[in-house]
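Structure file work_13.csv with CSV, C-alpha atoms:
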```csv
chain,number,residue,atom,x,y,z
P,1005,MET,CA,39.7,32.6,-1.2
P,1006,LYS,CA,37.9,30.2,1.1
P,1007,GLY,CA,34.2,29.3,1.3
P,1008,ALA,CA,32.0,26.6,2.9
P,1009,LEU,CA,29.3,24.4,1.5
P,1010,LEU,CA,26.6,23.0,3.8
P,1011,VAL,CA,25.0,19.8,2.3
P,1012,ASN,CA,21.9,18.1,3.5
P,1013,LEU,CA,19.9,15.1,2.2
P,1014,GLY,CA,17.3,16.9,-0.1
P,1015,SER,CA,13.6,16.6,-0.8
P,1016,PRO,CA,11.1,16.3,-3.6
P,1017,ASP,CA,10.1,19.6,-5.3
P,1018,SER,CA,6.5,19.1,-4.2
P,1019,THR,CA,4.1,16.5,-2.8
P,1020,LYS,CA,3.0,15.6,-6.3
P,1021,VAL,CA,3.5,11.9,-7.1
P,1022,LYS,CA,5.7,12.7,-10.2
P,1023,ASP,CA,8.0,14.9,-8.1
P,1024,VAL,CA,8.3,12.3,-5.3
P,1025,LYS,CA,9.0,9.6,-7.9
P,1026,LYS,CA,11.7,11.7,-9.5
P,1027,TYR,CA,13.3,12.3,-6.1
P,1028,LEU,CA,13.1,8.6,-5.0
P,1029,ASP,CA,14.6,7.6,-8.3
P,1030,GLU,CA,17.7,9.7,-7.8
P,1031,PHE,CA,17.9,8.7,-4.1
P,1032,LEU,CA,17.4,5.0,-4.3
P,1033,MET,CA,19.5,4.5,-7.5
P,1034,ASP,CA,22.5,5.8,-5.5
P,1035,LYS,CA,24.8,2.8,-5.2
P,1036,ARG,CA,25.8,3.9,-1.7
P,1037,VAL,CA,22.1,3.8,-0.6
P,1038,ILE,CA,21.1,0.5,-2.2
P,1039,ASP,CA,24.4,-1.1,-2.6
P,1040,ILE,CA,23.6,-4.0,-5.0
P,1041,PRO,CA,24.7,-4.5,-8.6
P,1042,TYR,CA,23.3,-1.9,-11.0
P,1043,LEU,CA,21.1,-4.1,-13.0
P,1044,VAL,CA,19.5,-5.6,-9.9
P,1045,ARG,CA,19.2,-2.2,-8.3
P,1046,ALA,CA,17.5,-0.8,-11.4
P,1047,PHE,CA,15.1,-3.7,-11.5
P,1048,VAL,CA,14.2,-3.3,-7.8
P,1049,VAL,CA,14.0,0.5,-7.8
P,1050,LYS,CA,12.5,1.2,-11.3
P,1051,GLY,CA,10.6,-2.0,-11.7
P,1052,ILE,CA,9.1,-2.4,-8.3
P,1053,ILE,CA,9.6,0.4,-5.8
P,1054,LEU,CA,8.9,3.3,-8.1
P,1055,ASN,CA,5.7,1.7,-9.2
P,1056,THR,CA,4.4,1.4,-5.7
P,1057,ARG,CA,6.1,3.7,-3.2
P,1058,PRO,CA,5.8,7.2,-4.7
P,1059,LYS,CA,2.0,7.5,-4.1
P,1060,LYS,CA,2.4,6.4,-0.5
P,1061,SER,CA,5.4,8.6,0.1
P,1062,ALA,CA,3.6,11.6,-1.5
P,1063,GLU,CA,0.7,11.1,1.0
P,1064,ALA,CA,3.3,11.1,3.9
P,1065,TYR,CA,4.9,14.3,2.6
P,1066,LYS,CA,1.5,16.0,2.4
P,1067,LYS,CA,1.1,15.4,6.1
P,1068,ILE,CA,4.2,17.4,7.0
P,1069,TRP,CA,4.6,19.9,4.1
P,1070,TRP,CA,4.7,23.5,5.1
P,1071,ASP,CA,3.3,26.5,3.2
P,1072,GLU,CA,6.9,27.5,2.4
P,1073,GLY,CA,7.7,24.1,1.1
P,1074,SER,CA,9.6,21.0,2.3
P,1075,PRO,CA,10.4,21.3,6.1
P,1076,LEU,CA,13.9,20.0,5.5
P,1077,ILE,CA,14.6,22.5,2.8
P,1078,VAL,CA,13.1,25.4,4.6
P,1079,LEU,CA,14.9,24.6,7.9
P,1080,SER,CA,18.2,24.1,6.0
P,1081,GLU,CA,17.7,27.5,4.3
P,1082,ARG,CA,17.1,29.1,7.7
P,1083,LEU,CA,20.3,27.5,9.0
P,1084,HIS,CA,22.3,28.6,6.0
P,1085,LYS,CA,21.1,32.2,6.2
P,1086,LYS,CA,22.0,32.5,9.9
P,1087,VAL,CA,25.4,30.9,9.4
P,1088,GLN,CA,26.2,33.1,6.5
P,1089,GLN,CA,25.2,36.2,8.5
P,1090,LYS,CA,27.8,35.2,11.2
P,1091,SER,CA,30.5,33.9,8.9
P,1092,GLU,CA,33.2,36.1,7.4
P,1093,ILE,CA,33.6,33.8,4.3
P,1094,PRO,CA,31.0,32.8,1.7
P,1095,VAL,CA,28.7,30.0,2.7
P,1096,GLU,CA,26.3,28.2,0.3
P,1097,LEU,CA,23.7,25.4,0.7
P,1098,ALA,CA,23.2,22.3,-1.4
P,1099,MET,CA,21.3,19.0,-1.3
P,1100,ARG,CA,22.7,15.5,-2.2
P,1101,TYR,CA,19.4,14.8,-4.0
P,1102,GLY,CA,17.1,17.3,-5.7
P,1103,LYS,CA,17.6,21.0,-5.6
P,1104,PRO,CA,19.8,23.0,-5.0
P,1105,SER,CA,22.4,20.6,-6.3
P,1106,ILE,CA,26.0,20.2,-5.0
P,1107,LYS,CA,27.2,21.4,-8.4
P,1108,SER,CA,25.1,24.6,-8.2
P,1109,GLY,CA,26.4,25.2,-4.7
P,1110,ILE,CA,30.0,24.9,-5.9
P,1111,GLU,CA,29.2,27.2,-8.8
P,1112,LYS,CA,27.9,29.9,-6.5
P,1113,LEU,CA,31.0,29.8,-4.4
P,1114,VAL,CA,33.3,29.9,-7.5
P,1115,ALA,CA,31.4,32.9,-8.8
P,1116,GLN,CA,32.4,34.7,-5.6
P,1117,GLY,CA,36.0,34.0,-6.1
P,1118,VAL,CA,36.3,30.9,-3.9
P,1119,ASN,CA,39.0,28.3,-4.7
P,1120,GLU,CA,39.1,26.4,-1.4
P,1121,ILE,CA,35.9,24.8,-0.2
P,1122,PHE,CA,35.1,23.4,3.3
P,1123,LEU,CA,32.5,20.7,2.6
P,1124,ILE,CA,30.1,20.2,5.5
P,1125,PRO,CA,27.8,17.1,5.3
P,1126,LEU,CA,25.1,17.9,7.8
P,1127,TYR,CA,25.2,14.4,9.3
P,1128,PRO,CA,26.7,13.9,12.8
P,1129,GLN,CA,27.6,10.2,12.2
P,1130,PHE,CA,29.4,8.8,9.1
P,1131,ALA,CA,27.5,6.4,6.9
P,1132,MET,CA,27.9,5.2,3.3
P,1133,ALA,CA,24.5,6.5,2.4
P,1134,THR,CA,25.0,9.9,3.9
P,1135,THR,CA,28.4,11.4,4.5
P,1136,GLU,CA,30.3,9.2,2.0
P,1137,THR,CA,28.0,9.7,-0.9
P,1138,ILE,CA,28.2,13.5,-0.5
P,1139,GLU,CA,32.0,13.4,-0.3
P,1140,VAL,CA,32.4,11.1,-3.3
P,1141,LEU,CA,30.0,13.2,-5.5
P,1142,ALA,CA,31.6,16.5,-4.5
P,1143,ALA,CA,35.1,15.1,-5.3
P,1144,LYS,CA,33.8,13.8,-8.7
P,1145,LEU,CA,32.3,17.2,-9.6
P,1146,VAL,CA,35.4,19.1,-8.6
P,1147,LYS,CA,37.6,16.8,-10.6
P,1148,LYS,CA,35.4,17.1,-13.7
P,1149,HIS,CA,34.2,20.7,-13.6
P,1150,PHE,CA,36.3,22.7,-11.1
P,1151,PRO,CA,39.9,21.4,-11.3
P,1152,ASN,CA,41.3,24.4,-9.6
P,1153,ILE,CA,39.2,23.9,-6.5
P,1154,GLN,CA,40.7,22.5,-3.3
P,1155,LEU,CA,38.2,20.5,-1.2
P,1156,THR,CA,38.4,19.9,2.5
P,1157,ASN,CA,35.8,17.6,4.2
P,1158,LEU,CA,34.5,18.1,7.7
P,1159,PRO,CA,34.8,14.7,9.5
P,1160,ALA,CA,31.8,13.1,11.3
P,1161,PHE,CA,31.2,15.3,14.3
P,1162,TYR,CA,29.2,12.9,16.5
P,1163,ASN,CA,31.8,13.2,19.3
P,1164,LYS,CA,32.8,16.8,19.0
P,1165,GLN,CA,32.2,18.3,22.5
P,1166,ASP,CA,30.7,21.5,21.2
P,1167,TYR,CA,28.1,19.5,19.2
P,1168,ILE,CA,27.4,17.2,22.1
P,1169,SER,CA,26.9,20.2,24.3
P,1170,VAL,CA,24.5,21.9,22.0
P,1171,LEU,CA,22.5,18.6,21.4
P,1172,SER,CA,22.4,17.9,25.2
P,1173,LYS,CA,21.2,21.4,26.0
P,1174,SER,CA,18.4,21.1,23.4
P,1175,ILE,CA,17.3,17.8,24.8
P,1176,LYS,CA,17.5,19.0,28.4
P,1177,SER,CA,14.9,21.7,27.9
P,1178,TYR,CA,12.3,19.1,26.8
P,1179,LEU,CA,13.2,16.7,29.6
P,1180,GLU,CA,12.7,19.4,32.2
P,1181,LYS,CA,9.3,20.4,30.6
P,1182,GLU,CA,7.8,17.0,29.7
P,1183,LYS,CA,9.5,14.8,32.4
P,1184,PRO,CA,9.3,11.6,30.4
P,1185,GLU,CA,9.8,8.2,32.0
P,1186,HIS,CA,12.2,7.1,29.2
P,1187,LEU,CA,14.2,8.9,26.5
P,1188,LEU,CA,14.7,7.0,23.3
P,1189,PHE,CA,17.5,8.0,20.9
P,1190,SER,CA,16.2,6.9,17.5
P,1191,TYR,CA,18.8,6.9,14.6
P,1192,HIS,CA,18.1,6.2,11.0
P,1193,GLY,CA,18.8,2.6,10.2
P,1194,VAL,CA,21.2,1.1,7.7
P,1195,PRO,CA,21.7,-2.4,6.5
P,1196,GLU,CA,24.1,-4.4,8.6
P,1197,ARG,CA,26.3,-5.0,5.5
P,1198,HIS,CA,26.9,-1.2,5.3
P,1199,ILE,CA,28.6,-1.4,8.7
P,1200,ARG,CA,30.9,-4.3,7.5
P,1201,LYS,CA,31.6,-2.6,4.2
P,1202,SER,CA,32.8,0.6,6.0
P,1203,ASP,CA,35.1,-1.4,8.3
P,1204,ILE,CA,38.6,-0.3,7.2
P,1205,THR,CA,40.1,-3.2,9.2
P,1206,LYS,CA,37.9,-5.7,7.4
P,1207,SER,CA,37.7,-7.7,10.6
P,1208,HIS,CA,36.6,-5.6,13.6
P,1209,CYS,CA,32.8,-5.0,13.0
P,1210,LYS,CA,30.9,-8.1,14.0
P,1211,ILE,CA,27.7,-6.2,15.3
P,1212,ASP,CA,27.7,-8.5,18.3
P,1213,GLY,CA,27.3,-5.9,21.1
P,1214,SER,CA,31.0,-5.7,22.0
P,1215,CYS,CA,32.8,-4.5,18.9
P,1216,CYS,CA,31.4,-0.9,19.2
P,1217,ASN,CA,32.8,-0.7,22.8
P,1218,THR,CA,36.2,-2.0,21.9
P,1219,PRO,CA,38.6,0.7,20.6
P,1220,SER,CA,39.5,0.3,17.0
P,1221,PRO,CA,40.4,2.4,13.9
P,1222,ALA,CA,37.2,1.0,12.4
P,1223,HIS,CA,35.2,3.4,14.6
P,1224,GLU,CA,36.2,6.4,12.4
P,1225,PHE,CA,33.7,5.1,9.8
P,1226,CYS,CA,31.4,2.9,11.9
P,1227,TYR,CA,27.9,4.3,11.9
P,1228,ARG,CA,26.7,2.0,14.6
P,1229,HIS,CA,29.5,2.8,17.0
P,1230,GLN,CA,29.1,6.5,16.3
P,1231,CYS,CA,25.3,6.4,17.1
P,1232,TYR,CA,25.9,4.6,20.4
P,1233,GLU,CA,28.7,7.0,21.3
P,1234,THR,CA,26.4,10.0,20.6
P,1235,THR,CA,23.9,8.5,23.0
P,1236,LYS,CA,26.5,7.7,25.6
P,1237,GLN,CA,28.1,11.1,25.6
P,1238,VAL,CA,24.7,13.0,25.8
P,1239,ALA,CA,23.6,10.7,28.6
P,1240,GLU,CA,26.8,11.5,30.5
P,1241,VAL,CA,26.4,15.3,30.0
P,1242,LEU,CA,22.7,15.1,31.2
P,1243,ASN,CA,23.5,12.6,34.0
P,1244,LEU,CA,20.8,10.3,32.7
P,1245,GLU,CA,20.3,7.2,34.9
P,1246,GLU,CA,21.0,3.8,33.5
P,1247,GLY,CA,17.8,2.3,32.2
P,1248,SER,CA,16.1,5.7,31.6
P,1249,PHE,CA,17.4,5.9,28.0
P,1250,SER,CA,18.1,3.6,25.1
P,1251,THR,CA,19.0,3.6,21.4
P,1252,SER,CA,17.1,2.2,18.4
P,1253,PHE,CA,17.1,2.4,14.6
P,1254,GLN,CA,14.2,3.5,12.3
P,1255,SER,CA,13.3,3.5,8.6
P,1256,ARG,CA,14.3,0.1,7.4
P,1257,LEU,CA,13.7,-0.9,3.8
P,1258,GLY,CA,13.6,-4.4,2.3
P,1259,ARG,CA,14.2,-7.8,3.9
P,1260,ASP,CA,17.9,-7.7,4.6
P,1261,PRO,CA,18.9,-7.4,8.2
P,1262,TRP,CA,19.2,-3.8,9.4
P,1263,LEU,CA,20.6,-2.4,12.6
P,1264,GLN,CA,18.5,-3.3,15.6
P,1265,PRO,CA,16.7,-2.8,17.8
P,1266,TYR,CA,14.0,-1.4,15.5
P,1267,THR,CA,12.4,1.9,16.7
P,1268,ASP,CA,8.8,0.9,15.9
P,1269,LYS,CA,9.1,-2.4,17.8
P,1270,THR,CA,10.9,-0.7,20.7
P,1271,ILE,CA,8.2,2.0,21.0
P,1272,GLU,CA,5.4,-0.5,20.8
P,1273,GLY,CA,7.2,-2.6,23.5
P,1274,PHE,CA,7.5,0.4,25.8
P,1275,ALA,CA,3.8,1.1,25.6
P,1276,LYS,CA,2.8,-2.6,26.2
P,1277,ASN,CA,5.1,-2.8,29.2
P,1278,GLY,CA,3.6,0.1,31.0
P,1279,VAL,CA,5.6,3.2,30.0
P,1280,LYS,CA,3.1,6.0,29.8
P,1281,ASN,CA,5.3,9.0,29.1
P,1282,LEU,CA,8.0,8.7,26.4
P,1283,ALA,CA,10.2,11.2,24.6
P,1284,VAL,CA,12.1,10.5,21.4
P,1285,VAL,CA,15.0,12.4,20.0
P,1286,THR,CA,16.5,11.8,16.5
P,1287,PRO,CA,20.2,12.7,16.5
P,1288,ALA,CA,21.1,11.2,13.1
P,1289,PHE,CA,19.4,14.3,11.6
P,1290,VAL,CA,20.2,18.0,12.2
P,1291,SER,CA,17.0,19.2,10.4
P,1292,ASP,CA,13.5,17.9,10.9
P,1293,CYS,CA,12.2,16.0,7.9
P,1294,LEU,CA,9.8,13.2,6.8
P,1295,GLU,CA,11.5,10.7,9.1
P,1296,THR,CA,11.2,12.9,12.2
P,1297,LEU,CA,8.0,14.7,11.6
P,1298,GLU,CA,5.9,11.9,10.1
P,1299,GLU,CA,7.5,8.6,11.0
P,1300,ILE,CA,8.2,9.5,14.6
P,1301,GLY,CA,6.0,12.5,15.3
P,1302,MET,CA,2.9,10.9,13.8
P,1303,GLU,CA,3.2,7.2,13.1
P,1304,ALA,CA,5.3,6.3,16.2
P,1305,LYS,CA,3.1,8.5,18.4
P,1306,ASP,CA,-0.1,6.8,17.2
P,1307,ASP,CA,1.4,3.4,17.8
P,1308,PHE,CA,2.5,4.4,21.3
P,1309,ILE,CA,-1.0,5.7,22.2
P,1310,GLU,CA,-2.8,2.8,20.6
P,1311,ASN,CA,-0.7,0.3,22.7
P,1312,GLY,CA,-1.4,2.0,26.0
P,1313,GLY,CA,1.0,4.9,26.1
P,1314,GLU,CA,-0.4,8.3,27.2
P,1315,LYS,CA,2.2,11.1,26.5
P,1316,PHE,CA,4.6,11.1,23.6
P,1317,THR,CA,7.1,13.9,23.0
P,1318,THR,CA,9.1,14.3,19.8
P,1319,ILE,CA,12.2,16.4,20.6
P,1320,PRO,CA,12.9,18.6,17.5
P,1321,CYS,CA,16.2,18.4,15.6
P,1322,LEU,CA,18.7,21.2,16.1
P,1323,ASN,CA,17.3,22.9,12.9
P,1324,ASP,CA,18.3,26.6,13.1
P,1325,ASN,CA,18.9,26.6,16.9
P,1326,GLU,CA,21.2,29.6,17.7
P,1327,ASP,CA,23.7,27.5,19.6
P,1328,TRP,CA,23.9,25.1,16.6
P,1329,VAL,CA,24.4,28.1,14.3
P,1330,ASP,CA,27.2,29.4,16.5
P,1331,THR,CA,28.9,25.9,16.6
P,1332,LEU,CA,28.8,25.5,12.8
P,1333,THR,CA,30.0,29.1,12.3
P,1334,ASN,CA,32.9,28.4,14.7
P,1335,TRP,CA,33.9,25.3,12.8
P,1336,ILE,CA,34.0,27.3,9.5
P,1337,THR,CA,35.9,30.2,11.1
P,1338,ASN,CA,38.5,27.9,12.7
P,1339,TRP,CA,39.0,26.1,9.3
P,1340,ALA,CA,39.3,29.4,7.4
P,1341,LYS,CA,42.1,30.8,9.7
```

Write the structure described by the file as structure tokens, please.
Amino acid sequence: MKGALLVNLGSPDSTKVKDVKKYLDEFLMDKRVIDIPYLVRAFVVKGIILNTRPKKSAEAYKKIWWDEGSPLIVLSERLHKKVQQKSEIPVELAMRYGKPSIKSGIEKLVAQGVNEIFLIPLYPQFAMATTETIEVLAAKLVKKHFPNIQLTNLPAFYNKQDYISVLSKSIKSYLEKEKPEHLLFSYHGVPERHIRKSDITKSHCKIDGSCCNTPSPAHEFCYRHQCYETTKQVAEVLNLEEGSFSTSFQSRLGRDPWLQPYTDKTIEGFAKNGVKNLAVVTPAFVSDCLETLEEIGMEAKDDFIENGGEKFTTIPCLNDNEDWVDTLTNWITNWAK
């Protein structure tokens, strides 16, 4: 019997500092998130970050927290419920960090008689710190606890035409209503070394502006290429004029070089250079979360207005959009045939 497991990032259990600290500990100690030797990672995370960041992060979570709980969890649950209603096979939901765990998601499927699982990381683009860490943990759990389970992974879907169509349609409705001068595609940033580590050719990715446009097997696992390709394909569908849209990367951590251009600097630059009406979409996420609601919807908006901008539109993620629900359900149905 077949079943599907949707997996998103996760969230603290509450906005209490202790819960945020527990969540950040699990998240930042993942060697695919902070990919430095364990002892150094433990010193940086447990000795420095967890003594300073949880309080600040807790305050940020408080700004976006809903009565029902974490927006990311609530939106993921809504998505899961709708997909399950339309799917003919069992579908469960899990988070890479926090609750519900991937192990509990697999257990729920097994309890329903499932022995083949379609693992769906809810990230359009592949990255070490997102898709890969989900796939590796799921495989490890299956090997250790569920040896009779067969696991199939959904590849990155950044260029699947049905996904691009749904994303484009969602964006179009806001462009028609808000009529921004510029549309910024803001993706979550990653350290440049992650791009090079994911390069299966060990030579293609130079992050020099040309490698992402030169065909290569490396693109199957190149986050940077996949982000720019998402932007490119949406722009083509929407017939966006050259110069009316651009790509940037948000949420950097530490002093190492991360993918550029940086979203905060880009938005500030637009405002200072006379752009009055800006729209931002965040296609690295399928569910609104701290990075979209607070970092973009609040912080970036404030920066834009303070530097001379007038109108700032945050285009929501796909969340439980009906077209997105249908697309996910179709992927599951086609796999299960």

Val1290 (chain P) surroundings by only C-alpha atoms, 10 Å radius, close-in-sequence under 3 positions cut, as a PyMOL selection string: chain P and resi 1012+1076+1079-1080+1126-1128+1171+1286-1287+1293+1320-1325+1328

Polymer residues at most 10 Å from (8.6, 7.7, 33.9) by all atoms listed in the file, as a VMD selection string: chain P and resid 1183 to 1187 1248 1278 to 1282

Among listed residues P:Cys1231, P:Leu1054, P:Ala1143, P:Ile1068, nearest Val1021 (chain P) (using all atoms listed in the file): P:Leu1054

Distance of CA of Ser1291 (chain P) from CA of Ser1169 (chain P), expressed in Å to one decimal place: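 A separation of 17.1 Å between them.
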
Atom pair CA of Glu1314 (chain P) / CA of Phe1289 (chain P): separation (Å): 25.9 Å

Could you give me, as a tab-separated table (two decimals) with C-alpha atoms, in the frame of the given file, the residues that have an atom at most 12 Å away from the point (3.6, 14.2, 4.3) in the coordinates of the file, using all atoms listed in the file?
```tsv
chain	number	residue	atom	x	y	z
P	1015	SER	CA	13.60	16.60	-0.80
P	1016	PRO	CA	11.10	16.30	-3.60
P	1018	SER	CA	6.50	19.10	-4.20
P	1019	THR	CA	4.10	16.50	-2.80
P	1020	LYS	CA	3.00	15.60	-6.30
P	1021	VAL	CA	3.50	11.90	-7.10
P	1024	VAL	CA	8.30	12.30	-5.30
P	1058	PRO	CA	5.80	7.20	-4.70
P	1059	LYS	CA	2.00	7.50	-4.10
P	1060	LYS	CA	2.40	6.40	-0.50
P	1061	SER	CA	5.40	8.60	0.10
P	1062	ALA	CA	3.60	11.60	-1.50
P	1063	GLU	CA	0.70	11.10	1.00
P	1064	ALA	CA	3.30	11.10	3.90
P	1065	TYR	CA	4.90	14.30	2.60
P	1066	LYS	CA	1.50	16.00	2.40
P	1067	LYS	CA	1.10	15.40	6.10
P	1068	ILE	CA	4.20	17.40	7.00
P	1069	TRP	CA	4.60	19.90	4.10
P	1070	TRP	CA	4.70	23.50	5.10
P	1073	GLY	CA	7.70	24.10	1.10
P	1074	SER	CA	9.60	21.00	2.30
P	1075	PRO	CA	10.40	21.30	6.10
P	1076	LEU	CA	13.90	20.00	5.50
P	1293	CYS	CA	12.20	16.00	7.90
P	1294	LEU	CA	9.80	13.20	6.80
P	1295	GLU	CA	11.50	10.70	9.10
P	1296	THR	CA	11.20	12.90	12.20
P	1297	LEU	CA	8.00	14.70	11.60
P	1298	GLU	CA	5.90	11.90	10.10
P	1299	GLU	CA	7.50	8.60	11.00
P	1301	GLY	CA	6.00	12.50	15.30
P	1302	MET	CA	2.90	10.90	13.80
P	1303	GLU	CA	3.20	7.20	13.10
```

Å distance separating CA of Ile1153 (chain P) from CA of Thr1137 (chain P), one decimal place: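 If I compute the distance from CA of Ile1153 (chain P) to CA of Thr1137 (chain P), I get 18.9 Å.
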
Long-range neighbours of Val1146 (chain P) as a PyMOL selection string, 12 Å cut-off, all atoms listed in the file, 4 positions minimum in chain: chain P and resi 1106-1111+1114+1119-1121+1123+1139-1142+1150-1156

Pick from P:Thr1331, P:Thr1134, P:Asn1163, P:Ser1214, whichever lies nearest to Lys1090 (chain P) using only C-alpha atoms: P:Thr1331

Please enclose the listed atoms of region 1217-1225 of chain P in an axis-aligned box, pad each side by 8 Å, and write out the centre and the three edge lengths in Å, rounded to one decimal, as AutoDock Vina command-line options.
```
--center_x 36.6 --center_y 2.2 --center_z 16.3 --size_x 23.6 --size_y 24.4 --size_z 29.0
```

Contact residues around Leu1113 (chain P) with all atoms listed in the file at 8 Å, ignoring same-chain residues under 2 positions, as a PyMOL selection string: chain P and resi 1007+1094-1096+1109-1111+1115-1118

Just the selected residues (C-alpha atoms), exported as a PDB file, keeping the file's coordinate frame, please.
```pdb
ATOM      1  CA  GLY P1007      34.200  29.300   1.300  1.00  0.00           C
ATOM      2  CA  PRO P1094      31.000  32.800   1.700  1.00  0.00           C
ATOM      3  CA  VAL P1095      28.700  30.000   2.700  1.00  0.00           C
ATOM      4  CA  GLU P1096      26.300  28.200   0.300  1.00  0.00           C
ATOM      5  CA  GLY P1109      26.400  25.200  -4.700  1.00  0.00           C
ATOM      6  CA  ILE P1110      30.000  24.900  -5.900  1.00  0.00           C
ATOM      7  CA  GLU P1111      29.200  27.200  -8.800  1.00  0.00           C
ATOM      8  CA  ALA P1115      31.400  32.900  -8.800  1.00  0.00           C
ATOM      9  CA  GLN P1116      32.400  34.700  -5.600  1.00  0.00           C
ATOM     10  CA  GLY P1117      36.000  34.000  -6.100  1.00  0.00           C
ATOM     11  CA  VAL P1118      36.300  30.900  -3.900  1.00  0.00           C
TER      12      VAL P1118
END
```

Residue with smallest distance to Trp1339 (chain P) - pool P:Glu1326, P:Asp1071, P:Asp1306, P:Glu1092, counting all atoms listed in the file: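 Ranking P:Glu1326, P:Asp1071, P:Asp1306, P:Glu1092 by distance to Trp1339 (chain P), first place goes to P:Glu1092.
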
Distance criterion (only C-alpha atoms): nearest to Val1049 (chain P) out of P:Phe1161, P:Lys1035, P:Asn1334, P:Pro1261: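 Using only C-alpha atoms, Val1049 (chain P) sits closest to P:Lys1035.
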
Residue nearest Ile1124 (chain P) - candidates P:Lys1050, P:Phe1253, P:Leu1013, P:Thr1056, atoms counted: only C-alpha atoms: P:Leu1013

Among the residues P:Ile1052, P:Phe1122, P:Leu1028, P:Lys1103, the one that comes closest to Thr1337 (chain P) [using only C-alpha atoms]: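 Under the stated criterion, the closest residue is P:Phe1122.
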
Who sits within 7 Å of Ser1250 (chain P), only C-alpha atoms, same chain under 2 positions skipped, as a list in words: Leu1187, Leu1188, Phe1189 and Ser1252 of chain P

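Taking only C-alpha atoms, the non-local environment of Val1011 (chain P) within 6 Å (same-chain residues fewer than 4 positions away omitted) comprises Leu1097, Ala1098, Met1099, Pro1125 and Leu1126 of chain P.
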